[in-house]
$ cat structure-v4.cif   # mmCIF, N, CA and C atoms
data_target
loop_
_atom_site.label_atom_id
_atom_site.label_comp_id
_atom_site.auth_asym_id
_atom_site.auth_seq_id
_atom_site.Cartn_x
_atom_site.Cartn_y
_atom_site.Cartn_z
N THR T 1 -5.49 15.33 5.38
CA THR T 1 -5.64 13.93 5.03
C THR T 1 -7.10 13.51 5.15
N SER T 2 -7.43 12.49 4.44
CA SER T 2 -8.80 11.97 4.43
C SER T 2 -9.07 11.16 5.69
N THR T 3 -10.25 11.33 6.28
CA THR T 3 -10.58 10.57 7.48
C THR T 3 -11.86 9.75 7.36
N LEU T 4 -12.66 10.01 6.32
CA LEU T 4 -13.90 9.24 6.17
C LEU T 4 -13.62 7.88 5.54
N ALA T 5 -14.41 6.90 5.93
CA ALA T 5 -14.32 5.56 5.35
C ALA T 5 -15.73 4.99 5.23
N ILE T 6 -15.93 4.19 4.20
CA ILE T 6 -17.17 3.42 4.08
C ILE T 6 -16.80 1.98 4.38
N ASN T 7 -17.47 1.38 5.35
CA ASN T 7 -17.28 -0.03 5.68
C ASN T 7 -18.47 -0.81 5.16
N ILE T 8 -18.19 -1.93 4.50
CA ILE T 8 -19.22 -2.78 3.92
C ILE T 8 -19.04 -4.19 4.49
N PRO T 9 -20.09 -4.76 5.10
CA PRO T 9 -19.97 -6.10 5.67
C PRO T 9 -19.91 -7.17 4.59
N LEU T 10 -19.08 -8.19 4.83
CA LEU T 10 -19.00 -9.33 3.92
C LEU T 10 -19.40 -10.62 4.62
N SER T 11 -18.80 -10.90 5.79
CA SER T 11 -19.06 -12.17 6.47
C SER T 11 -18.84 -12.02 7.97
N ASN T 12 -19.74 -12.58 8.75
CA ASN T 12 -19.64 -12.64 10.21
C ASN T 12 -19.54 -11.26 10.88
N CYS T 13 -20.06 -10.25 10.27
CA CYS T 13 -20.00 -8.90 10.86
C CYS T 13 -21.07 -8.71 11.94
N GLU T 14 -22.11 -9.50 11.90
CA GLU T 14 -23.19 -9.36 12.88
C GLU T 14 -22.76 -9.80 14.29
N ASN T 15 -21.62 -10.46 14.38
CA ASN T 15 -21.13 -10.92 15.69
C ASN T 15 -20.01 -10.03 16.24
N SER T 16 -19.91 -8.82 15.71
CA SER T 16 -18.88 -7.90 16.19
C SER T 16 -19.48 -6.51 16.39
N VAL T 17 -18.78 -5.72 17.19
CA VAL T 17 -19.23 -4.35 17.49
C VAL T 17 -18.04 -3.41 17.30
N THR T 18 -18.30 -2.29 16.63
CA THR T 18 -17.31 -1.22 16.53
C THR T 18 -17.69 -0.17 17.56
N GLU T 19 -16.75 0.15 18.45
CA GLU T 19 -17.00 1.13 19.51
C GLU T 19 -16.16 2.38 19.27
N PHE T 20 -16.74 3.54 19.58
CA PHE T 20 -16.05 4.82 19.44
C PHE T 20 -15.77 5.38 20.82
N TRP T 21 -14.61 6.05 20.94
CA TRP T 21 -14.11 6.45 22.25
C TRP T 21 -13.75 7.92 22.32
N GLU T 22 -13.98 8.50 23.49
CA GLU T 22 -13.44 9.81 23.85
C GLU T 22 -12.24 9.51 24.74
N VAL T 23 -11.08 10.03 24.35
CA VAL T 23 -9.83 9.68 25.03
C VAL T 23 -9.41 10.79 25.99
N ASP T 24 -9.00 10.38 27.18
CA ASP T 24 -8.42 11.33 28.14
C ASP T 24 -7.18 11.92 27.49
N PRO T 25 -7.09 13.26 27.38
CA PRO T 25 -5.94 13.87 26.71
C PRO T 25 -4.59 13.54 27.34
N SER T 26 -4.59 13.13 28.60
CA SER T 26 -3.31 12.79 29.24
C SER T 26 -2.94 11.31 29.07
N ALA T 27 -3.80 10.54 28.40
CA ALA T 27 -3.55 9.10 28.20
C ALA T 27 -2.37 8.88 27.27
N PRO T 28 -1.49 7.93 27.61
CA PRO T 28 -0.39 7.63 26.69
C PRO T 28 -0.91 6.95 25.43
N VAL T 29 -0.29 7.29 24.31
CA VAL T 29 -0.67 6.74 23.01
C VAL T 29 0.56 6.03 22.43
N ILE T 30 0.35 4.78 21.97
CA ILE T 30 1.44 3.99 21.42
C ILE T 30 1.17 3.78 19.93
N LYS T 31 2.13 4.19 19.08
CA LYS T 31 1.98 3.99 17.64
C LYS T 31 2.44 2.57 17.30
N LYS T 32 1.60 1.84 16.56
CA LYS T 32 1.90 0.46 16.16
C LYS T 32 1.63 0.30 14.67
N LEU T 33 1.96 -0.88 14.15
CA LEU T 33 1.69 -1.21 12.75
C LEU T 33 0.88 -2.49 12.67
N THR T 34 -0.08 -2.51 11.74
CA THR T 34 -0.82 -3.74 11.46
C THR T 34 0.12 -4.71 10.75
N PRO T 35 -0.29 -5.98 10.57
CA PRO T 35 0.56 -6.94 9.85
C PRO T 35 0.93 -6.49 8.43
N ASN T 36 0.08 -5.65 7.81
CA ASN T 36 0.41 -5.15 6.47
C ASN T 36 0.97 -3.72 6.52
N PHE T 37 1.52 -3.35 7.69
CA PHE T 37 2.29 -2.12 7.88
C PHE T 37 1.48 -0.82 7.80
N VAL T 38 0.21 -0.90 8.13
CA VAL T 38 -0.61 0.31 8.22
C VAL T 38 -0.51 0.82 9.66
N PRO T 39 -0.13 2.09 9.86
CA PRO T 39 0.02 2.58 11.24
C PRO T 39 -1.32 2.79 11.93
N TYR T 40 -1.34 2.55 13.22
CA TYR T 40 -2.51 2.85 14.05
C TYR T 40 -2.01 3.19 15.44
N TYR T 41 -2.90 3.72 16.27
CA TYR T 41 -2.54 4.13 17.63
C TYR T 41 -3.28 3.27 18.64
N GLU T 42 -2.56 2.81 19.64
CA GLU T 42 -3.15 2.02 20.71
C GLU T 42 -3.26 2.89 21.96
N ILE T 43 -4.45 2.89 22.56
CA ILE T 43 -4.73 3.69 23.74
C ILE T 43 -5.33 2.78 24.80
N ASP T 44 -4.96 2.96 26.03
CA ASP T 44 -5.49 2.16 27.14
C ASP T 44 -6.99 2.43 27.28
N PRO T 45 -7.84 1.40 27.06
CA PRO T 45 -9.30 1.61 27.12
C PRO T 45 -9.80 2.06 28.49
N THR T 46 -9.03 1.81 29.54
CA THR T 46 -9.47 2.26 30.86
C THR T 46 -9.35 3.78 30.99
N GLN T 47 -8.67 4.42 30.04
CA GLN T 47 -8.54 5.87 30.06
C GLN T 47 -9.41 6.51 28.98
N CYS T 48 -10.47 5.79 28.60
CA CYS T 48 -11.39 6.26 27.57
C CYS T 48 -12.83 6.13 28.05
N LYS T 49 -13.70 6.91 27.39
CA LYS T 49 -15.14 6.84 27.66
C LYS T 49 -15.82 6.48 26.35
N LYS T 50 -16.62 5.40 26.36
CA LYS T 50 -17.32 4.99 25.13
C LYS T 50 -18.40 6.02 24.81
N ILE T 51 -18.41 6.49 23.55
CA ILE T 51 -19.38 7.50 23.15
C ILE T 51 -20.40 6.97 22.15
N ASP T 52 -20.11 5.83 21.50
CA ASP T 52 -21.07 5.27 20.55
C ASP T 52 -20.59 3.89 20.11
N GLU T 53 -21.44 3.18 19.41
CA GLU T 53 -21.08 1.87 18.86
C GLU T 53 -22.03 1.53 17.73
N TYR T 54 -21.61 0.59 16.88
CA TYR T 54 -22.50 0.06 15.86
C TYR T 54 -22.10 -1.37 15.52
N THR T 55 -23.05 -2.12 14.98
CA THR T 55 -22.81 -3.45 14.45
C THR T 55 -22.89 -3.33 12.93
N LEU T 56 -21.87 -3.80 12.25
CA LEU T 56 -21.77 -3.65 10.80
C LEU T 56 -22.67 -4.66 10.09
N THR T 57 -23.96 -4.32 9.97
CA THR T 57 -24.91 -5.19 9.28
C THR T 57 -25.33 -4.60 7.94
N SER T 58 -24.93 -3.37 7.68
CA SER T 58 -25.15 -2.71 6.39
C SER T 58 -24.03 -1.68 6.20
N PRO T 59 -23.82 -1.21 4.99
CA PRO T 59 -22.73 -0.24 4.77
C PRO T 59 -22.90 1.00 5.65
N ILE T 60 -21.77 1.53 6.10
CA ILE T 60 -21.78 2.71 6.96
C ILE T 60 -20.60 3.59 6.59
N ILE T 61 -20.80 4.90 6.69
CA ILE T 61 -19.69 5.83 6.51
C ILE T 61 -19.40 6.46 7.87
N PHE T 62 -18.12 6.53 8.22
CA PHE T 62 -17.78 7.11 9.52
C PHE T 62 -16.42 7.80 9.48
N ASP T 63 -16.17 8.60 10.50
CA ASP T 63 -14.94 9.38 10.61
C ASP T 63 -13.90 8.57 11.37
N THR T 64 -12.88 8.11 10.67
CA THR T 64 -11.86 7.26 11.29
C THR T 64 -10.94 8.02 12.24
N SER T 65 -11.02 9.35 12.24
CA SER T 65 -10.19 10.11 13.17
C SER T 65 -10.70 10.02 14.60
N ILE T 66 -11.94 9.56 14.77
CA ILE T 66 -12.47 9.32 16.11
C ILE T 66 -11.93 7.96 16.56
N PRO T 67 -11.25 7.91 17.71
CA PRO T 67 -10.70 6.61 18.16
C PRO T 67 -11.80 5.55 18.21
N HIS T 68 -11.49 4.37 17.67
CA HIS T 68 -12.47 3.29 17.62
C HIS T 68 -11.77 1.95 17.73
N SER T 69 -12.56 0.94 18.06
CA SER T 69 -12.04 -0.42 18.17
C SER T 69 -13.13 -1.38 17.73
N VAL T 70 -12.70 -2.54 17.26
CA VAL T 70 -13.64 -3.58 16.82
C VAL T 70 -13.46 -4.80 17.72
N HIS T 71 -14.56 -5.32 18.22
CA HIS T 71 -14.55 -6.52 19.04
C HIS T 71 -15.37 -7.60 18.36
N ASN T 72 -14.71 -8.71 18.02
CA ASN T 72 -15.37 -9.84 17.39
C ASN T 72 -15.73 -10.84 18.49
N TYR T 73 -17.02 -11.09 18.66
CA TYR T 73 -17.48 -11.97 19.74
C TYR T 73 -17.71 -13.40 19.29
N SER T 74 -17.13 -13.77 18.15
CA SER T 74 -17.24 -15.15 17.68
C SER T 74 -15.83 -15.68 17.43
N ASN T 75 -15.76 -16.98 17.15
CA ASN T 75 -14.46 -17.58 16.86
C ASN T 75 -14.19 -17.64 15.35
N GLN T 76 -15.02 -16.95 14.58
CA GLN T 76 -14.84 -16.90 13.13
C GLN T 76 -14.34 -15.51 12.73
N ASP T 77 -13.60 -15.45 11.62
CA ASP T 77 -13.10 -14.17 11.13
C ASP T 77 -14.25 -13.25 10.75
N ARG T 78 -14.07 -11.97 11.02
CA ARG T 78 -14.99 -10.93 10.57
C ARG T 78 -14.39 -10.36 9.29
N LEU T 79 -15.16 -10.39 8.20
CA LEU T 79 -14.67 -9.88 6.92
C LEU T 79 -15.50 -8.68 6.48
N ALA T 80 -14.81 -7.59 6.15
CA ALA T 80 -15.47 -6.38 5.68
C ALA T 80 -14.53 -5.67 4.72
N ILE T 81 -15.10 -4.80 3.91
CA ILE T 81 -14.32 -3.96 3.02
C ILE T 81 -14.38 -2.55 3.58
N SER T 82 -13.22 -1.89 3.62
CA SER T 82 -13.16 -0.49 4.05
C SER T 82 -12.65 0.33 2.88
N ILE T 83 -13.45 1.29 2.45
CA ILE T 83 -13.10 2.15 1.32
C ILE T 83 -12.69 3.51 1.88
N ARG T 84 -11.51 3.98 1.47
CA ARG T 84 -11.00 5.29 1.88
C ARG T 84 -10.98 6.21 0.66
N PHE T 85 -10.82 7.50 0.89
CA PHE T 85 -10.92 8.50 -0.16
C PHE T 85 -9.69 9.39 -0.21
N LYS T 86 -9.39 9.93 -1.40
CA LYS T 86 -8.34 10.95 -1.52
C LYS T 86 -8.85 12.25 -0.92
N GLU T 87 -10.13 12.57 -1.19
CA GLU T 87 -10.78 13.73 -0.60
C GLU T 87 -12.06 13.25 0.06
N ASP T 88 -12.28 13.69 1.31
CA ASP T 88 -13.46 13.24 2.05
C ASP T 88 -14.75 13.71 1.40
N PRO T 89 -15.72 12.80 1.21
CA PRO T 89 -17.02 13.18 0.65
C PRO T 89 -17.98 13.66 1.75
N TRP T 90 -17.66 14.78 2.37
CA TRP T 90 -18.49 15.28 3.49
C TRP T 90 -19.92 15.54 3.06
N HIS T 91 -20.16 15.74 1.76
CA HIS T 91 -21.52 15.97 1.28
C HIS T 91 -22.41 14.74 1.50
N LEU T 92 -21.82 13.58 1.77
CA LEU T 92 -22.62 12.37 2.04
C LEU T 92 -23.05 12.27 3.50
N ILE T 93 -22.55 13.16 4.35
CA ILE T 93 -22.80 13.11 5.77
C ILE T 93 -23.87 14.13 6.16
N ASN T 94 -24.86 13.69 6.93
CA ASN T 94 -25.83 14.62 7.53
C ASN T 94 -25.31 15.06 8.87
N ILE T 95 -24.94 16.30 8.98
CA ILE T 95 -24.41 16.82 10.25
C ILE T 95 -25.46 17.66 10.93
#

$ encode --input "structure-v4.cif" --output "structure tokens"
Amino acid sequence: TSTLAINIPLSNCENSVTEFWEVDPSAPVIKKLTPNFVPYYEIDPTQCKKIDEYTLTSPIIFDTSIPHSVHNYSNQDRLAISIRFKEDPWHLINI
């Protein structure tokens, strides 16, 4: 399955942070659904170690298989577009 996504900021993205996590393998994982029925996994953040973060102020491509969370630090909605692929464009990534 495809795991890369391109996120593009639209509005109020400068007031939020996307954090990436390393998860304790023994941590319980709860499968949930977004309001539009997209599945995601919830993990207790106290059983994770933050490994990176970014503020969406310009388009970014990242690996969605790395556990991540978004924190909006304002009272306004954060609007962004997330583009997914049928086949991952790994050639766009500098490894």

$ closest_residue --input "structure-v4.cif" --among "T:Ile51, T:Pro28, T:Leu4, T:Cys13" --to "Arg78 in chain T" --atoms "only N, CA and C atoms"
T:Cys13

$ select_by_dssp --input "structure-v4.cif" --residues "range 31-62 of chain T" --states "strand (DSSP E)" --output "list in words"
Lys31, Lys32, Leu33, Pro39, Tyr40, Tyr41, Glu42, Ile43, Cys48, Lys49, Lys50, Ile51, Asp52, Glu53, Tyr54, Ile60, Ile61 and Phe62 of chain T

$ resolve_selection --input "structure-v4.cif" --expression "the PyMOL selection byres ((chain T and resi 21) around 5)" --output "MDAnalysis selection string"
chainID T and resid 19:20 22:23 49:51 67:68

$ resolve_selection --input "structure-v4.cif" --expression "the PyMOL selection byres (((chain T and resi 77 and name CA) around 9) and name CA)" --output "PDB file with N, CA and C atoms, in the frame of the given file"
ATOM      1  N   SER T  11     -18.800 -10.900   5.790  1.00  0.00           N
ATOM      2  CA  SER T  11     -19.060 -12.170   6.470  1.00  0.00           C
ATOM      3  C   SER T  11     -18.840 -12.020   7.970  1.00  0.00           C
ATOM      4  N   ASN T  12     -19.740 -12.580   8.750  1.00  0.00           N
ATOM      5  CA  ASN T  12     -19.640 -12.640  10.210  1.00  0.00           C
ATOM      6  C   ASN T  12     -19.540 -11.260  10.880  1.00  0.00           C
ATOM      7  N   CYS T  13     -20.060 -10.250  10.270  1.00  0.00           N
ATOM      8  CA  CYS T  13     -20.000  -8.900  10.860  1.00  0.00           C
ATOM      9  C   CYS T  13     -21.070  -8.710  11.940  1.00  0.00           C
ATOM     10  N   ASN T  72     -14.710  -8.710  18.020  1.00  0.00           N
ATOM     11  CA  ASN T  72     -15.370  -9.840  17.390  1.00  0.00           C
ATOM     12  C   ASN T  72     -15.730 -10.840  18.490  1.00  0.00           C
ATOM     13  N   SER T  74     -17.130 -13.770  18.150  1.00  0.00           N
ATOM     14  CA  SER T  74     -17.240 -15.150  17.680  1.00  0.00           C
ATOM     15  C   SER T  74     -15.830 -15.680  17.430  1.00  0.00           C
ATOM     16  N   ASN T  75     -15.760 -16.980  17.150  1.00  0.00           N
ATOM     17  CA  ASN T  75     -14.460 -17.580  16.860  1.00  0.00           C
ATOM     18  C   ASN T  75     -14.190 -17.640  15.350  1.00  0.00           C
ATOM     19  N   GLN T  76     -15.020 -16.950  14.580  1.00  0.00           N
ATOM     20  CA  GLN T  76     -14.840 -16.900  13.130  1.00  0.00           C
ATOM     21  C   GLN T  76     -14.340 -15.510  12.730  1.00  0.00           C
ATOM     22  N   ARG T  78     -14.070 -11.970  11.020  1.00  0.00           N
ATOM     23  CA  ARG T  78     -14.990 -10.930  10.570  1.00  0.00           C
ATOM     24  C   ARG T  78     -14.390 -10.360   9.290  1.00  0.00           C
ATOM     25  N   LEU T  79     -15.160 -10.390   8.200  1.00  0.00           N
ATOM     26  CA  LEU T  79     -14.670  -9.880   6.920  1.00  0.00           C
ATOM     27  C   LEU T  79     -15.500  -8.680   6.480  1.00  0.00           C
TER      28      LEU T  79
END

$ residues_around --input "structure-v4.cif" --residues "Thr55 in chain T" --least-positions-apart "6" --cutoff "7 Å" --atoms "only C-alpha atoms" --output "tab-separated table (two decimals) with N, CA and C atoms, keeping the file's coordinate frame"
chain	number	residue	atom	x	y	z
T	14	GLU	N	-22.11	-9.50	11.90
T	14	GLU	CA	-23.19	-9.36	12.88
T	14	GLU	C	-22.76	-9.80	14.29
T	16	SER	N	-19.91	-8.82	15.71
T	16	SER	CA	-18.88	-7.90	16.19
T	16	SER	C	-19.48	-6.51	16.39
T	17	VAL	N	-18.78	-5.72	17.19
T	17	VAL	CA	-19.23	-4.35	17.49
T	17	VAL	C	-18.04	-3.41	17.30
T	18	THR	N	-18.30	-2.29	16.63
T	18	THR	CA	-17.31	-1.22	16.53
T	18	THR	C	-17.69	-0.17	17.56

$ residues_near_point --input "structure-v4.cif" --point "(-14.1, 4.7, 8.5)" --cutoff "6 Å" --atoms "only C-alpha atoms" --output "MDAnalysis selection string"
chainID T and resid 4:6 62:64

$ atom_distance --input "structure-v4.cif" --atom1 "CA of Ser58 in chain T" --atom2 "atom N of Pro9 in chain T"
5.6 Å

$ residues_around --input "structure-v4.cif" --residues "Glu87 in chain T" --least-positions-apart "3" --cutoff "10 Å" --atoms "only C-alpha atoms" --output "ChimeraX atom specification"
/T:1-4,84,90

$ closest_residue --input "structure-v4.cif" --among "T:Thr46, T:Lys86, T:Ala80, T:Glu53" --to "Ile66 in chain T" --atoms "only C-alpha atoms"
T:Glu53

$ closest_residue --input "structure-v4.cif" --among "T:Ser82, T:Pro45, T:Tyr73, T:Pro25" --to "Ile60 in chain T" --atoms "only C-alpha atoms"
T:Ser82

$ closest_residue --input "structure-v4.cif" --among "T:Ser65, T:Ser26, T:Thr34, T:Val70" --to "Gln47 in chain T" --atoms "only N, CA and C atoms"
T:Ser26

$ atom_distance --input "structure-v4.cif" --atom1 "CA of Tyr41 in chain T" --atom2 "CA of Thr57 in chain T"
25.6 Å
